[in-house]
Amino acid sequence: MTEKFLARHTTASLEALVGGKKGVIALVPVGSTEPHGPHLGLGTDVIISAAACLRACELLDKRGTMVGVIAPAISYGVTECATGFSGAISIPGEVLTSYIAAVCDGLLASGIRHVCLVNNHLEPAHDAAVRAVLAGREKKVSYACPLEKKWARTLSAEFKSGACHAGRYETSIVMAAAPELVNEPLRQRLSPVPISLSEKLKAGVNTFEAMGMELAYAGDPAAATTEEGEQMIQRLGEMVVGAVLESLGIKPAT
Ligand SMILES: [Zn+2]
């Protein structure tokens, strides 16, 4: 089987891969370093994006005409919403855009046919900064993010409610992808926090603190399950493949 992680390739094996018959698609996990409640780690969004990329690689393999590789992740983002909590490491949006743009151009210069940025940190300023990379790189770079309605509607009820920061949705995914990273006794004791981040943001309330998320989570982590996480990873994997095919102008059914 082809090596799935770009960082484990050598120059020679990457050259052999991009020189082969199948177009190579680089999937770049994008996340943030920010608080995710008392039970999940600061790197949760990166773990979710990486799980989506891994599943998308398997799905691309099944199609047979392309091969996916997972590029090293972009692990810092714009996290102004989490201001005031330890572990919220925010970088300016324009810095993020130029950094990711340079990564994409480097991947393309190495013979990669297409790059898909797979983002699961959903703060609007972060989303805009990542999306800005696509300008002038049409068909070369695509963006897969569950903020888009067509992907959001495939996800869970909690996700759609917007009360989904380190809640049932994200916790389920981490339980399925990296269970050793969940503080299980603590998770089971957490009360639901029915605060919709999307509604608060719309109302102009921009920080977790101001929203009333005292422990930096919203939603219902105690209700999370590995099975739900597995389903969500499948949906996110399908989202990534969908975004790639759409950008390349390939019909999903073919
Ligand atoms: Zn998150």
# chains A, B, ... in the order shown; residues from 1 in each chain; ligands from 1
>>> residues_near_ligand(ligand="ligand 1", cutoff="12 Å", atoms="only C-alpha atoms and all ligand atoms", output="PDB file with N, CA and C atoms, in the first residue's frame")
ATOM      1  N   VAL A  30      -6.258  21.124   8.826  1.00  0.00           N
ATOM      2  CA  VAL A  30      -6.130  22.475   9.390  1.00  0.00           C
ATOM      3  C   VAL A  30      -6.955  22.522  10.677  1.00  0.00           C
ATOM      4  N   GLY A  31      -6.366  23.056  11.737  1.00  0.00           N
ATOM      5  CA  GLY A  31      -7.096  23.160  13.006  1.00  0.00           C
ATOM      6  C   GLY A  31      -6.657  24.373  13.786  1.00  0.00           C
ATOM      7  N   SER A  32      -6.578  24.199  15.086  1.00  0.00           N
ATOM      8  CA  SER A  32      -6.196  25.313  15.948  1.00  0.00           C
ATOM      9  C   SER A  32      -5.567  24.728  17.201  1.00  0.00           C
ATOM     10  N   THR A  33      -4.960  25.590  17.984  1.00  0.00           N
ATOM     11  CA  THR A  33      -4.516  25.208  19.323  1.00  0.00           C
ATOM     12  C   THR A  33      -5.318  26.087  20.267  1.00  0.00           C
ATOM     13  N   GLU A  34      -6.331  25.500  20.866  1.00  0.00           N
ATOM     14  CA  GLU A  34      -7.250  26.286  21.697  1.00  0.00           C
ATOM     15  C   GLU A  34      -7.991  25.374  22.680  1.00  0.00           C
ATOM     16  N   PRO A  35      -8.535  25.944  23.763  1.00  0.00           N
ATOM     17  CA  PRO A  35      -9.229  25.129  24.763  1.00  0.00           C
ATOM     18  C   PRO A  35     -10.455  24.411  24.210  1.00  0.00           C
ATOM     19  N   HIS A  36     -10.605  23.165  24.615  1.00  0.00           N
ATOM     20  CA  HIS A  36     -11.764  22.343  24.245  1.00  0.00           C
ATOM     21  C   HIS A  36     -12.323  21.674  25.494  1.00  0.00           C
ATOM     22  N   GLY A  37     -12.765  22.503  26.445  1.00  0.00           N
ATOM     23  CA  GLY A  37     -13.348  21.966  27.667  1.00  0.00           C
ATOM     24  C   GLY A  37     -12.302  21.320  28.554  1.00  0.00           C
ATOM     25  N   LEU A  40     -11.000  17.478  26.744  1.00  0.00           N
ATOM     26  CA  LEU A  40     -10.318  17.269  25.454  1.00  0.00           C
ATOM     27  C   LEU A  40      -9.096  18.179  25.364  1.00  0.00           C
ATOM     28  N   GLY A  41      -8.133  17.761  24.548  1.00  0.00           N
ATOM     29  CA  GLY A  41      -6.886  18.506  24.424  1.00  0.00           C
ATOM     30  C   GLY A  41      -6.998  19.738  23.531  1.00  0.00           C
ATOM     31  N   LEU A  42      -5.993  20.556  23.615  1.00  0.00           N
ATOM     32  CA  LEU A  42      -5.959  21.807  22.839  1.00  0.00           C
ATOM     33  C   LEU A  42      -5.912  21.538  21.334  1.00  0.00           C
ATOM     34  N   GLY A  43      -5.429  20.374  20.958  1.00  0.00           N
ATOM     35  CA  GLY A  43      -5.275  20.064  19.523  1.00  0.00           C
ATOM     36  C   GLY A  43      -6.467  19.358  18.911  1.00  0.00           C
ATOM     37  N   THR A  44      -7.611  19.418  19.555  1.00  0.00           N
ATOM     38  CA  THR A  44      -8.790  18.659  19.103  1.00  0.00           C
ATOM     39  C   THR A  44      -9.158  18.904  17.634  1.00  0.00           C
ATOM     40  N   ASP A  45      -9.165  20.153  17.209  1.00  0.00           N
ATOM     41  CA  ASP A  45      -9.584  20.431  15.823  1.00  0.00           C
ATOM     42  C   ASP A  45      -8.632  19.793  14.805  1.00  0.00           C
ATOM     43  N   VAL A  46      -7.349  19.751  15.159  1.00  0.00           N
ATOM     44  CA  VAL A  46      -6.367  19.129  14.261  1.00  0.00           C
ATOM     45  C   VAL A  46      -6.622  17.618  14.190  1.00  0.00           C
ATOM     46  N   ILE A  47      -6.967  17.023  15.332  1.00  0.00           N
ATOM     47  CA  ILE A  47      -7.251  15.578  15.366  1.00  0.00           C
ATOM     48  C   ILE A  47      -8.469  15.267  14.491  1.00  0.00           C
ATOM     49  N   ILE A  48      -9.482  16.125  14.574  1.00  0.00           N
ATOM     50  CA  ILE A  48     -10.698  15.908  13.774  1.00  0.00           C
ATOM     51  C   ILE A  48     -10.365  16.020  12.276  1.00  0.00           C
ATOM     52  N   SER A  49      -9.596  17.056  11.920  1.00  0.00           N
ATOM     53  CA  SER A  49      -9.235  17.216  10.502  1.00  0.00           C
ATOM     54  C   SER A  49      -8.382  16.047  10.019  1.00  0.00           C
ATOM     55  N   SER A  75      -1.441  23.551  12.501  1.00  0.00           N
ATOM     56  CA  SER A  75      -1.982  23.326  13.850  1.00  0.00           C
ATOM     57  C   SER A  75      -2.271  24.590  14.651  1.00  0.00           C
ATOM     58  N   GLY A  77      -4.210  28.527  14.444  1.00  0.00           N
ATOM     59  CA  GLY A  77      -5.168  29.283  13.663  1.00  0.00           C
ATOM     60  C   GLY A  77      -5.558  30.569  14.360  1.00  0.00           C
ATOM     61  N   THR A  79      -7.803  32.205  16.775  1.00  0.00           N
ATOM     62  CA  THR A  79      -8.657  31.744  17.877  1.00  0.00           C
ATOM     63  C   THR A  79      -8.939  32.872  18.852  1.00  0.00           C
ATOM     64  N   CYS A  81     -11.865  33.930  19.685  1.00  0.00           N
ATOM     65  CA  CYS A  81     -13.034  33.595  20.523  1.00  0.00           C
ATOM     66  C   CYS A  81     -12.621  33.026  21.872  1.00  0.00           C
ATOM     67  N   ALA A  82     -11.478  32.366  21.910  1.00  0.00           N
ATOM     68  CA  ALA A  82     -11.057  31.682  23.141  1.00  0.00           C
ATOM     69  C   ALA A  82     -10.164  32.563  24.011  1.00  0.00           C
ATOM     70  N   ALA A  88      -5.037  29.157  24.414  1.00  0.00           N
ATOM     71  CA  ALA A  88      -5.575  29.739  23.170  1.00  0.00           C
ATOM     72  C   ALA A  88      -4.430  30.482  22.496  1.00  0.00           C
ATOM     73  N   ASN A 119     -10.496  21.838   7.001  1.00  0.00           N
ATOM     74  CA  ASN A 119     -10.536  22.648   8.222  1.00  0.00           C
ATOM     75  C   ASN A 119     -11.697  22.285   9.138  1.00  0.00           C
ATOM     76  N   ASN A 120     -11.405  22.137  10.433  1.00  0.00           N
ATOM     77  CA  ASN A 120     -12.462  21.891  11.419  1.00  0.00           C
ATOM     78  C   ASN A 120     -12.395  22.841  12.606  1.00  0.00           C
ATOM     79  N   HIS A 121     -11.724  23.973  12.436  1.00  0.00           N
ATOM     80  CA  HIS A 121     -11.810  25.040  13.441  1.00  0.00           C
ATOM     81  C   HIS A 121     -12.714  26.103  12.819  1.00  0.00           C
ATOM     82  N   LEU A 122     -13.882  26.316  13.436  1.00  0.00           N
ATOM     83  CA  LEU A 122     -14.969  26.982  12.716  1.00  0.00           C
ATOM     84  C   LEU A 122     -15.172  28.455  13.057  1.00  0.00           C
ATOM     85  N   GLU A 123     -14.198  29.062  13.706  1.00  0.00           N
ATOM     86  CA  GLU A 123     -14.304  30.502  13.995  1.00  0.00           C
ATOM     87  C   GLU A 123     -14.327  31.278  12.671  1.00  0.00           C
ATOM     88  N   PRO A 146     -16.972  21.975   7.333  1.00  0.00           N
ATOM     89  CA  PRO A 146     -18.395  21.713   7.600  1.00  0.00           C
ATOM     90  C   PRO A 146     -19.237  22.955   7.856  1.00  0.00           C
ATOM     91  N   PHE A 159     -24.374  19.381  15.971  1.00  0.00           N
ATOM     92  CA  PHE A 159     -23.552  20.227  15.095  1.00  0.00           C
ATOM     93  C   PHE A 159     -24.412  21.320  14.474  1.00  0.00           C
ATOM     94  N   GLY A 162     -25.342  24.407  16.498  1.00  0.00           N
ATOM     95  CA  GLY A 162     -24.307  25.403  16.797  1.00  0.00           C
ATOM     96  C   GLY A 162     -23.757  25.281  18.217  1.00  0.00           C
ATOM     97  N   ALA A 163     -24.415  24.462  19.061  1.00  0.00           N
ATOM     98  CA  ALA A 163     -23.913  24.228  20.430  1.00  0.00           C
ATOM     99  C   ALA A 163     -22.929  23.066  20.349  1.00  0.00           C
ATOM    100  N   CYS A 164     -21.791  23.318  19.752  1.00  0.00           N
ATOM    101  CA  CYS A 164     -20.960  22.183  19.357  1.00  0.00           C
ATOM    102  C   CYS A 164     -19.475  22.474  19.494  1.00  0.00           C
ATOM    103  N   HIS A 165     -19.082  23.089  20.575  1.00  0.00           N
ATOM    104  CA  HIS A 165     -17.645  23.232  20.799  1.00  0.00           C
ATOM    105  C   HIS A 165     -17.239  22.290  21.930  1.00  0.00           C
ATOM    106  N   ALA A 166     -16.496  21.233  21.560  1.00  0.00           N
ATOM    107  CA  ALA A 166     -16.101  20.207  22.537  1.00  0.00           C
ATOM    108  C   ALA A 166     -17.318  19.542  23.181  1.00  0.00           C
ATOM    109  N   GLY A 167     -18.442  19.542  22.486  1.00  0.00           N
ATOM    110  CA  GLY A 167     -19.667  18.909  22.969  1.00  0.00           C
ATOM    111  C   GLY A 167     -19.767  17.471  22.475  1.00  0.00           C
ATOM    112  N   ARG A 168     -20.989  17.019  22.251  1.00  0.00           N
ATOM    113  CA  ARG A 168     -21.207  15.630  21.827  1.00  0.00           C
ATOM    114  C   ARG A 168     -20.541  15.333  20.477  1.00  0.00           C
ATOM    115  N   TYR A 169     -20.685  16.287  19.545  1.00  0.00           N
ATOM    116  CA  TYR A 169     -20.156  16.087  18.184  1.00  0.00           C
ATOM    117  C   TYR A 169     -18.634  15.917  18.188  1.00  0.00           C
ATOM    118  N   GLU A 170     -17.920  16.917  18.677  1.00  0.00           N
ATOM    119  CA  GLU A 170     -16.455  16.848  18.627  1.00  0.00           C
ATOM    120  C   GLU A 170     -15.912  15.747  19.539  1.00  0.00           C
ATOM    121  N   THR A 171     -16.526  15.590  20.710  1.00  0.00           N
ATOM    122  CA  THR A 171     -16.044  14.569  21.652  1.00  0.00           C
ATOM    123  C   THR A 171     -16.214  13.176  21.052  1.00  0.00           C
ATOM    124  N   SER A 172     -17.347  12.934  20.387  1.00  0.00           N
ATOM    125  CA  SER A 172     -17.571  11.628  19.740  1.00  0.00           C
ATOM    126  C   SER A 172     -16.468  11.340  18.727  1.00  0.00           C
ATOM    127  N   ILE A 173     -16.102  12.345  17.953  1.00  0.00           N
ATOM    128  CA  ILE A 173     -15.078  12.143  16.923  1.00  0.00           C
ATOM    129  C   ILE A 173     -13.729  11.801  17.557  1.00  0.00           C
ATOM    130  N   VAL A 174     -13.371  12.515  18.626  1.00  0.00           N
ATOM    131  CA  VAL A 174     -12.089  12.210  19.277  1.00  0.00           C
ATOM    132  C   VAL A 174     -12.145  10.823  19.929  1.00  0.00           C
ATOM    133  N   LEU A 197     -23.020  28.607  19.558  1.00  0.00           N
ATOM    134  CA  LEU A 197     -21.972  29.561  19.167  1.00  0.00           C
ATOM    135  C   LEU A 197     -22.385  30.347  17.926  1.00  0.00           C
ATOM    136  N   ALA A 216     -15.165  26.460  28.625  1.00  0.00           N
ATOM    137  CA  ALA A 216     -14.738  26.410  27.218  1.00  0.00           C
ATOM    138  C   ALA A 216     -15.307  25.221  26.456  1.00  0.00           C
ATOM    139  N   TYR A 217     -16.547  24.848  26.786  1.00  0.00           N
ATOM    140  CA  TYR A 217     -17.244  23.883  25.925  1.00  0.00           C
ATOM    141  C   TYR A 217     -18.711  24.251  25.832  1.00  0.00           C
ATOM    142  N   ALA A 218     -19.350  23.800  24.764  1.00  0.00           N
ATOM    143  CA  ALA A 218     -20.794  23.953  24.600  1.00  0.00           C
ATOM    144  C   ALA A 218     -21.316  22.672  23.970  1.00  0.00           C
ATOM    145  N   GLY A 219     -22.553  22.311  24.321  1.00  0.00           N
ATOM    146  CA  GLY A 219     -23.093  21.047  23.843  1.00  0.00           C
ATOM    147  C   GLY A 219     -23.077  20.024  24.968  1.00  0.00           C
TER     148      GLY A 219
END
>>> residues_around(residues="A:Leu108", least_positions_apart="3", cutoff="10 Å", atoms="only C-alpha atoms", output="ChimeraX atom specification")
/A:24-26,102-105,111-115,140-141
>>> write_last_selection(atoms="C-alpha atoms", output="PDB file, in the first residue's frame")
ATOM      1  CA  VAL A  24      -1.728  12.769  -6.246  1.00  0.00           C
ATOM      2  CA  ILE A  25      -4.052  14.760  -3.993  1.00  0.00           C
ATOM      3  CA  ALA A  26      -2.508  16.290  -0.858  1.00  0.00           C
ATOM      4  CA  ALA A 102       3.089  29.044   0.715  1.00  0.00           C
ATOM      5  CA  VAL A 103       2.488  25.468   1.875  1.00  0.00           C
ATOM      6  CA  CYS A 104       0.031  24.898  -0.988  1.00  0.00           C
ATOM      7  CA  ASP A 105       2.401  26.370  -3.586  1.00  0.00           C
ATOM      8  CA  GLY A 111       4.272  17.605  -8.469  1.00  0.00           C
ATOM      9  CA  ILE A 112       1.141  17.214  -6.347  1.00  0.00           C
ATOM     10  CA  ARG A 113      -1.862  17.628  -8.633  1.00  0.00           C
ATOM     11  CA  HIS A 114      -4.286  19.166  -6.179  1.00  0.00           C
ATOM     12  CA  VAL A 115      -4.334  20.316  -2.567  1.00  0.00           C
ATOM     13  CA  LYS A 140      -5.407  23.643  -7.786  1.00  0.00           C
ATOM     14  CA  VAL A 141      -6.584  24.147  -4.212  1.00  0.00           C
TER      15      VAL A 141
END
>>> residues_around(residues="A:Leu134", least_positions_apart="3", cutoff="10 Å", atoms="only C-alpha atoms", output="list in words")
Thr97, Ala101, Cys104, Cys116, Leu117, Ala129, Val130, Arg131, Arg137, Glu138, Lys139, Lys140, Val141, Ser142 and Tyr143 of chain A
>>> write_last_selection(atoms="C-alpha atoms", output="mmCIF file, in the first residue's frame")
data_model
loop_
_atom_site.group_PDB
_atom_site.id
_atom_site.type_symbol
_atom_site.label_atom_id
_atom_site.label_comp_id
_atom_site.auth_asym_id
_atom_site.auth_seq_id
_atom_site.Cartn_x
_atom_site.Cartn_y
_atom_site.Cartn_z
ATOM 1 C CA THR A 97 -3.362 32.995 4.809
ATOM 2 C CA ALA A 101 -0.665 29.697 0.624
ATOM 3 C CA CYS A 104 0.031 24.898 -0.988
ATOM 4 C CA CYS A 116 -7.411 20.189 -0.330
ATOM 5 C CA LEU A 117 -7.407 22.238 2.881
ATOM 6 C CA ALA A 129 -8.364 33.364 6.383
ATOM 7 C CA VAL A 130 -8.080 29.752 5.167
ATOM 8 C CA ARG A 131 -10.625 30.251 2.386
ATOM 9 C CA ARG A 137 -5.542 28.893 -7.246
ATOM 10 C CA GLU A 138 -8.782 27.615 -8.807
ATOM 11 C CA LYS A 139 -8.777 23.873 -9.525
ATOM 12 C CA LYS A 140 -5.407 23.643 -7.786
ATOM 13 C CA VAL A 141 -6.584 24.147 -4.212
ATOM 14 C CA SER A 142 -9.950 23.268 -2.683
ATOM 15 C CA TYR A 143 -11.473 23.799 0.750
#
>>> select_by_dssp(residues="stretch 18-251 of chain A", states="helix (DSSP H, G or I)", output="PyMOL selection string")
chain A and resi 18+44-63+80-82+93-109+124-134+149-152+157-161+168-177+179-181+184-189+197-202+208-211+221-223+226-248
>>> atom_distance(atom1="atom CA of A:Thr207", atom2="atom CA of A:Ile195")
12.1 Å
>>> closest_residue(among="A:Gly136, A:Pro124, A:His9, A:Asn206", to="A:Thr83", atoms="only C-alpha atoms")
A:Asn206
>>> select_by_dssp(residues="stretch 14-208 of chain A", states="strand (DSSP E or B)", output="NGL selection string")
:A and (23-30 or 36 or 40 or 66-70 or 74 or 77 or 90 or 114-119 or 141-144 or 165 or 193)
>>> residues_around(residues="A:Ala243", least_positions_apart="3", cutoff="9 Å", atoms="only C-alpha atoms", output="PDB file with N, CA and C atoms, in the first residue's frame")
ATOM      1  N   CYS A 116      -6.146  19.876  -1.004  1.00  0.00           N
ATOM      2  CA  CYS A 116      -7.411  20.189  -0.330  1.00  0.00           C
ATOM      3  C   CYS A 116      -7.120  20.575   1.121  1.00  0.00           C
ATOM      4  N   SER A 142      -8.542  23.253  -3.095  1.00  0.00           N
ATOM      5  CA  SER A 142      -9.950  23.268  -2.683  1.00  0.00           C
ATOM      6  C   SER A 142     -10.036  23.371  -1.161  1.00  0.00           C
ATOM      7  N   TYR A 143     -11.249  23.570  -0.683  1.00  0.00           N
ATOM      8  CA  TYR A 143     -11.473  23.799   0.750  1.00  0.00           C
ATOM      9  C   TYR A 143     -12.631  22.936   1.221  1.00  0.00           C
ATOM     10  N   ALA A 144     -12.388  22.149   2.244  1.00  0.00           N
ATOM     11  CA  ALA A 144     -13.441  21.315   2.815  1.00  0.00           C
ATOM     12  C   ALA A 144     -13.646  21.724   4.265  1.00  0.00           C
ATOM     13  N   CYS A 145     -14.844  22.256   4.556  1.00  0.00           N
ATOM     14  CA  CYS A 145     -15.128  22.738   5.912  1.00  0.00           C
ATOM     15  C   CYS A 145     -16.620  22.554   6.183  1.00  0.00           C
ATOM     16  N   GLU A 238     -16.314  11.954   3.424  1.00  0.00           N
ATOM     17  CA  GLU A 238     -17.093  12.152   2.192  1.00  0.00           C
ATOM     18  C   GLU A 238     -17.103  13.626   1.790  1.00  0.00           C
ATOM     19  N   MET A 239     -17.140  14.514   2.777  1.00  0.00           N
ATOM     20  CA  MET A 239     -17.074  15.958   2.508  1.00  0.00           C
ATOM     21  C   MET A 239     -15.772  16.291   1.777  1.00  0.00           C
ATOM     22  N   VAL A 240     -14.670  15.746   2.261  1.00  0.00           N
ATOM     23  CA  VAL A 240     -13.358  16.049   1.671  1.00  0.00           C
ATOM     24  C   VAL A 240     -13.318  15.564   0.212  1.00  0.00           C
ATOM     25  N   GLU A 246     -15.477  18.268  -6.743  1.00  0.00           N
ATOM     26  CA  GLU A 246     -16.155  19.480  -7.201  1.00  0.00           C
ATOM     27  C   GLU A 246     -15.141  20.461  -7.793  1.00  0.00           C
ATOM     28  N   SER A 247     -14.027  20.634  -7.088  1.00  0.00           N
ATOM     29  CA  SER A 247     -13.023  21.580  -7.567  1.00  0.00           C
ATOM     30  C   SER A 247     -12.408  21.128  -8.880  1.00  0.00           C
ATOM     31  N   LEU A 248     -12.251  19.808  -9.038  1.00  0.00           N
ATOM     32  CA  LEU A 248     -11.655  19.278 -10.274  1.00  0.00           C
ATOM     33  C   LEU A 248     -12.683  19.115 -11.388  1.00  0.00           C
TER      34      LEU A 248
END
>>> residues_around(residues="A:Pro72", least_positions_apart="5", cutoff="9 Å", atoms="only C-alpha atoms", output="count of residues only")
6
>>> atom_distance(atom1="atom CA of A:Ile250", atom2="atom CA of A:Arg153")
21.9 Å
>>> atom_distance(atom1="atom CA of A:Thr2", atom2="atom CA of A:Gln234")
20.9 Å
>>> closest_residue(among="A:Gly84, A:Pro179, A:Gly237, A:Pro92", to="A:Ala52", atoms="only C-alpha atoms")
A:Gly237
>>> closest_residue(among="A:Arg63, A:Ala125, A:Pro38, A:Ser110", to="A:Val78", atoms="only C-alpha atoms")
A:Ala125
